[in-house]
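S.K.: Have a peek at data37.cif (mmCIF, C-alpha atoms).
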data_input
#
loop_
_atom_site.label_atom_id
_atom_site.label_comp_id
_atom_site.auth_asym_id
_atom_site.auth_seq_id
_atom_site.Cartn_x
_atom_site.Cartn_y
_atom_site.Cartn_z
CA MET A 1 48.86 72.65 109.29
CA ASN A 2 47.30 76.11 109.17
CA TYR A 3 48.78 79.23 107.59
CA GLU A 4 50.35 80.61 110.78
CA GLN A 5 52.02 77.28 111.59
CA ALA A 6 53.35 77.05 108.05
CA LEU A 7 54.69 80.60 108.28
CA ASP A 8 56.40 79.88 111.60
CA ARG A 9 57.99 76.79 110.12
CA ALA A 10 59.26 78.74 107.13
CA TYR A 11 60.84 81.36 109.41
CA ASP A 12 62.52 78.58 111.41
CA VAL A 13 64.43 77.30 108.39
CA LEU A 14 65.44 80.72 107.08
CA PRO A 15 68.94 81.97 108.04
CA ASP A 16 69.09 84.71 110.61
CA GLN A 17 68.83 88.11 108.98
CA PRO A 18 71.80 90.35 109.78
CA ARG A 19 71.13 93.61 111.51
CA GLU A 20 72.36 96.95 110.27
CA ALA A 21 76.12 97.45 110.26
CA GLY A 22 75.92 100.07 112.98
CA GLU A 23 74.28 97.55 115.30
CA ARG A 24 76.71 94.77 114.51
CA LEU A 25 79.99 96.70 114.80
CA SER A 26 80.83 98.34 118.10
CA VAL A 27 84.39 99.65 118.02
CA PRO A 28 86.08 101.34 121.00
CA ASP A 29 87.21 104.91 120.47
CA PRO A 30 90.98 105.10 119.91
CA GLU A 31 93.00 106.15 122.95
CA GLY A 32 96.15 108.07 122.06
CA GLN A 33 99.04 109.04 124.30
CA THR A 34 102.01 111.28 123.47
CA ASP A 35 105.39 109.74 124.28
CA GLY A 36 108.14 112.18 123.29
CA ALA A 37 108.61 111.92 119.52
CA PHE A 38 106.10 109.06 119.39
CA THR A 39 102.35 108.68 119.78
CA ARG A 40 100.93 105.54 121.37
CA LEU A 41 97.66 103.83 120.50
CA THR A 42 97.05 102.19 123.85
CA ASN A 43 93.94 100.17 122.99
CA LEU A 44 94.99 98.73 119.62
CA GLY A 45 94.26 95.19 120.80
CA ALA A 46 90.72 96.03 121.92
CA ILE A 47 89.96 97.71 118.59
CA ALA A 48 91.35 94.75 116.62
CA ASP A 49 89.30 92.33 118.73
CA ALA A 50 86.13 94.33 118.03
CA LEU A 51 86.88 94.09 114.30
CA SER A 52 87.80 90.36 114.52
CA ARG A 53 91.16 91.11 112.95
CA GLU A 54 94.76 90.52 114.06
CA SER A 55 96.30 93.38 116.02
CA ARG A 56 99.49 93.27 113.96
CA HIS A 57 97.52 93.53 110.70
CA LEU A 58 95.68 96.61 111.97
CA HIS A 59 98.96 98.12 113.20
CA ARG A 60 100.61 97.74 109.80
CA ALA A 61 97.62 99.31 108.06
CA ILE A 62 97.76 102.32 110.40
CA GLN A 63 101.50 102.66 109.69
CA ARG A 64 100.81 102.78 105.95
CA GLU A 65 98.00 105.28 106.44
CA PHE A 66 100.28 107.56 108.48
CA GLY A 67 103.29 107.00 106.21
CA THR A 68 105.54 106.45 109.20
CA ASN A 69 107.36 103.77 111.16
CA GLY A 70 106.09 102.26 114.36
CA GLN A 71 106.47 99.52 116.92
CA PHE A 72 103.93 96.86 117.81
CA ASP A 73 103.73 95.49 121.33
CA GLY A 74 100.84 93.07 121.61
CA ASN A 75 97.86 95.15 122.70
CA GLU A 76 99.29 98.58 121.95
CA ALA A 77 101.53 100.27 119.39
CA ARG A 78 103.46 103.47 118.96
CA TYR A 79 104.11 105.52 115.84
CA ASN A 80 106.84 107.98 114.93
CA GLY A 81 105.35 111.48 114.96
CA SER A 82 102.55 113.40 116.62
CA PHE A 83 99.01 112.16 115.97
CA ASP A 84 95.74 112.92 117.69
CA VAL A 85 92.61 110.84 118.27
CA ALA A 86 91.04 112.14 115.04
CA ASP A 87 94.07 110.90 113.06
CA PHE A 88 93.74 107.43 114.58
CA GLN A 89 89.99 107.40 113.97
CA ALA A 90 90.45 108.28 110.30
CA ALA A 91 93.04 105.51 109.88
CA ILE A 92 90.77 102.97 111.59
CA ASP A 93 87.79 104.05 109.47
CA ALA A 94 89.89 103.52 106.33
CA TYR A 95 90.89 100.07 107.63
CA ILE A 96 87.25 99.13 108.29
CA ALA A 97 86.25 100.21 104.77
CA GLU A 98 89.01 98.15 103.13
CA TYR A 99 89.43 95.12 105.39
CA VAL A 100 86.13 94.67 107.26
CA THR A 101 83.05 96.04 105.48
CA CYS A 102 81.44 94.08 102.66
CA SER A 103 81.29 96.25 99.55
CA GLU A 104 78.08 94.53 98.44
CA CYS A 105 75.79 94.51 101.50
CA GLY A 106 77.67 96.97 103.73
CA LEU A 107 77.79 94.59 106.70
CA PRO A 108 80.90 93.77 108.75
CA ASP A 109 80.19 90.02 108.86
CA THR A 110 83.36 89.17 106.94
CA VAL A 111 86.44 87.03 107.24
CA LEU A 112 89.85 87.92 105.86
CA LYS A 113 91.72 85.00 104.29
CA THR A 114 94.74 84.56 102.06
CA GLU A 115 93.90 82.48 98.99
CA ASP A 116 96.58 81.71 96.40
CA GLY A 117 98.68 84.53 97.80
CA VAL A 118 95.84 87.08 97.57
CA ASP A 119 94.11 88.58 100.61
CA MET A 120 90.38 88.00 100.12
CA LEU A 121 87.50 89.50 102.09
CA ARG A 122 84.58 87.07 102.19
CA CYS A 123 81.17 88.12 103.50
CA GLN A 124 79.33 85.55 105.63
CA ALA A 125 76.09 87.51 105.35
CA CYS A 126 75.61 87.77 101.57
CA GLY A 127 78.34 85.51 100.17
CA ALA A 128 80.17 88.23 98.24
CA PHE A 129 83.96 88.31 98.16
CA ARG A 130 86.68 90.61 96.85
CA PRO A 131 90.43 91.04 96.98
CA VAL A 132 91.78 93.68 99.34
CA ALA A 133 94.73 96.03 99.05
CA LYS A 134 98.03 94.42 100.00
CA GLY A 135 100.36 97.25 100.83
CA GLY A 136 100.84 100.48 98.95
CA SER A 137 98.34 103.28 98.57
CA SER A 138 95.09 103.28 96.67
CA SER A 139 96.45 106.03 94.41
CA GLN A 140 99.25 103.69 93.28
CA GLN A 141 96.73 100.99 92.44
CA HIS A 142 94.75 103.33 90.22
CA ASP A 143 97.77 104.43 88.15
CA GLN A 144 97.72 101.29 86.02
CA PRO A 145 94.20 99.91 85.52
CA THR A 146 94.30 96.17 84.91
CA LEU A 147 90.89 96.02 83.21
CA GLU A 148 89.08 98.14 80.67
CA GLU A 149 85.51 97.93 79.44
CA GLY A 150 85.16 96.59 75.92
CA LYS A 151 88.36 94.54 76.04
CA THR A 152 88.93 90.78 76.29
CA TYR A 153 91.21 89.11 78.83
CA GLU A 154 92.24 85.53 79.42
CA VAL A 155 91.31 84.60 82.98
CA LYS A 156 91.08 81.48 85.13
CA ILE A 157 87.70 80.85 86.76
CA THR A 158 88.37 80.15 90.43
CA GLY A 159 84.88 80.30 91.91
CA THR A 160 81.13 80.55 91.34
CA GLY A 161 78.99 83.63 92.06
CA ARG A 162 75.52 83.67 93.61
CA GLU A 163 73.88 83.85 90.16
CA GLY A 164 75.90 80.92 88.83
CA ASP A 165 78.44 83.06 86.98
CA GLY A 166 82.09 82.06 86.97
CA VAL A 167 84.34 84.24 89.14
CA ALA A 168 87.91 85.23 88.33
CA GLU A 169 90.45 87.62 89.85
CA LYS A 170 92.69 90.02 87.93
CA GLY A 171 94.71 92.57 89.84
CA LYS A 172 92.35 94.41 92.18
CA TYR A 173 89.26 93.30 90.24
CA THR A 174 86.79 90.49 90.88
CA ILE A 175 85.28 89.48 87.52
CA PHE A 176 81.90 87.77 87.15
CA VAL A 177 81.87 85.92 83.83
CA SER A 178 78.55 84.59 82.52
CA GLY A 179 78.79 81.28 80.73
CA ALA A 180 81.96 80.22 82.54
CA ARG A 181 82.48 77.46 85.08
CA GLU A 182 84.97 76.95 87.89
CA GLY A 183 88.26 75.47 86.69
CA GLN A 184 88.03 76.83 83.14
CA VAL A 185 90.44 79.24 81.49
CA VAL A 186 88.38 81.53 79.24
CA ASP A 187 88.59 84.70 77.18
CA ALA A 188 86.32 87.10 79.08
CA TYR A 189 84.87 90.14 77.31
CA ILE A 190 84.43 92.93 79.89
CA GLU A 191 81.02 94.57 79.52
CA SER A 192 81.04 96.84 82.56
CA ILE A 193 83.13 97.80 85.58
CA SER A 194 81.83 99.12 88.91
CA GLY A 195 84.51 99.92 91.47
CA THR A 196 86.56 96.73 91.88
CA LEU A 197 83.80 94.55 90.41
CA ALA A 198 83.70 93.70 86.70
CA PHE A 199 81.05 91.90 84.66
CA GLY A 200 81.66 90.08 81.42
CA ARG A 201 80.87 87.09 79.27
CA VAL A 202 82.77 84.30 77.57
CA GLN A 203 84.04 85.59 74.25
#
Could you spell out this file's structure in structure tokens?

M.R.:
Amino acid sequence: MNYEQALDRAYDVLPDQPREAGERLSVPDPEGQTDGAFTRLTNLGAIADALSRESRHLHRAIQREFGTNGQFDGNEARYNGSFDVADFQAAIDAYIAEYVTCSECGLPDTVLKTEDGVDMLRCQACGAFRPVAKGGSSSQQHDQPTLEEGKTYEVKITGTGREGDGVAEKGKYTIFVSGAREGQVVDAYIESISGTLAFGRVQ
């Protein structure tokens, strides 16, 4: 087998490389329609389908973003108040950032699952995963930090990271704990925190 044949064979067994997020995610522009004291989003279902998410889940997230009540009717929804296309686009962009885009690789190749009562976003492209907001605003979540650098917390290791570290969840944080294995309960010393990711070691 010559070099070129060997190279072709190696490429055959490699997983497909994901394209850039902009190429992978094609979302229809929101279509709004004023209806008296309400504003309709007439293509909610098409947008949810493009994001591979449930229409009702997207509807509820838009309600929270607007801070208003609304009604969901399968493929469309209406919201109390007057909103324009830019308002809907901003709400959808916020939804994509929280519930669709992987915070590690930036790709939208994710699935949203509930695990032990926690909504988890798992990336099928790079293997990363993180908890997502479950109601309430991001400002409320930041009022009471659940982790601080330089402190030790007892956590249960529920998974294994790509580098072999144990993975635990605490509040909004995903903690990678070196020296820990799945199934253990350990005292984790937090060395650093980046966004909703924390890195520590067994104390």

S.K.: In Å, how far is it from atom CA of Ala97 of chain A to atom CA of Arg40 of chain A?

M.R.: 22.8 Å

S.K.: List the residues selected by the PyMOL selection byres ((chain A and resi 129) around 9) in the file shown, writing them as a VMD selection string.

M.R.: chain A and resid 102 to 104 110 120 to 123 127 to 128 130 to 131 174

S.K.: Once the PyMOL selection byres ((chain A and resi 189-195) around 7) has been applied to the shown file, what residues remain in the selection, as a PyMOL selection string?

M.R.: chain A and resi 149-153+187-188+196-203

S.K.: Write out as a short mmCIF file (atom, residue, chain, number, x, y, z; two decimals) with C-alpha atoms, in the coordinates of the input the residues lying within 8 Å of Asp165 of chain A, counting all atoms listed in the file and excluding same-chain residues fewer than 2 positions away.

M.R.:
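To be explicit, this is the file written out as part-v3.cif:
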data_model
loop_
_atom_site.label_atom_id
_atom_site.label_comp_id
_atom_site.auth_asym_id
_atom_site.auth_seq_id
_atom_site.Cartn_x
_atom_site.Cartn_y
_atom_site.Cartn_z
CA THR A 160 81.13 80.55 91.34
CA GLY A 161 78.99 83.63 92.06
CA ARG A 162 75.52 83.67 93.61
CA GLU A 163 73.88 83.85 90.16
CA VAL A 167 84.34 84.24 89.14
CA PHE A 176 81.90 87.77 87.15
CA VAL A 177 81.87 85.92 83.83
CA SER A 178 78.55 84.59 82.52
CA GLY A 179 78.79 81.28 80.73
CA ALA A 180 81.96 80.22 82.54
CA ARG A 181 82.48 77.46 85.08
#

S.K.: Provide the atom CA of Thr39 of chain A to atom CA of Asn80 of chain A distance in Å, to one decimal place.

M.R.: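 Separation of atom CA of Thr39 of chain A and atom CA of Asn80 of chain A: 6.6 Å.
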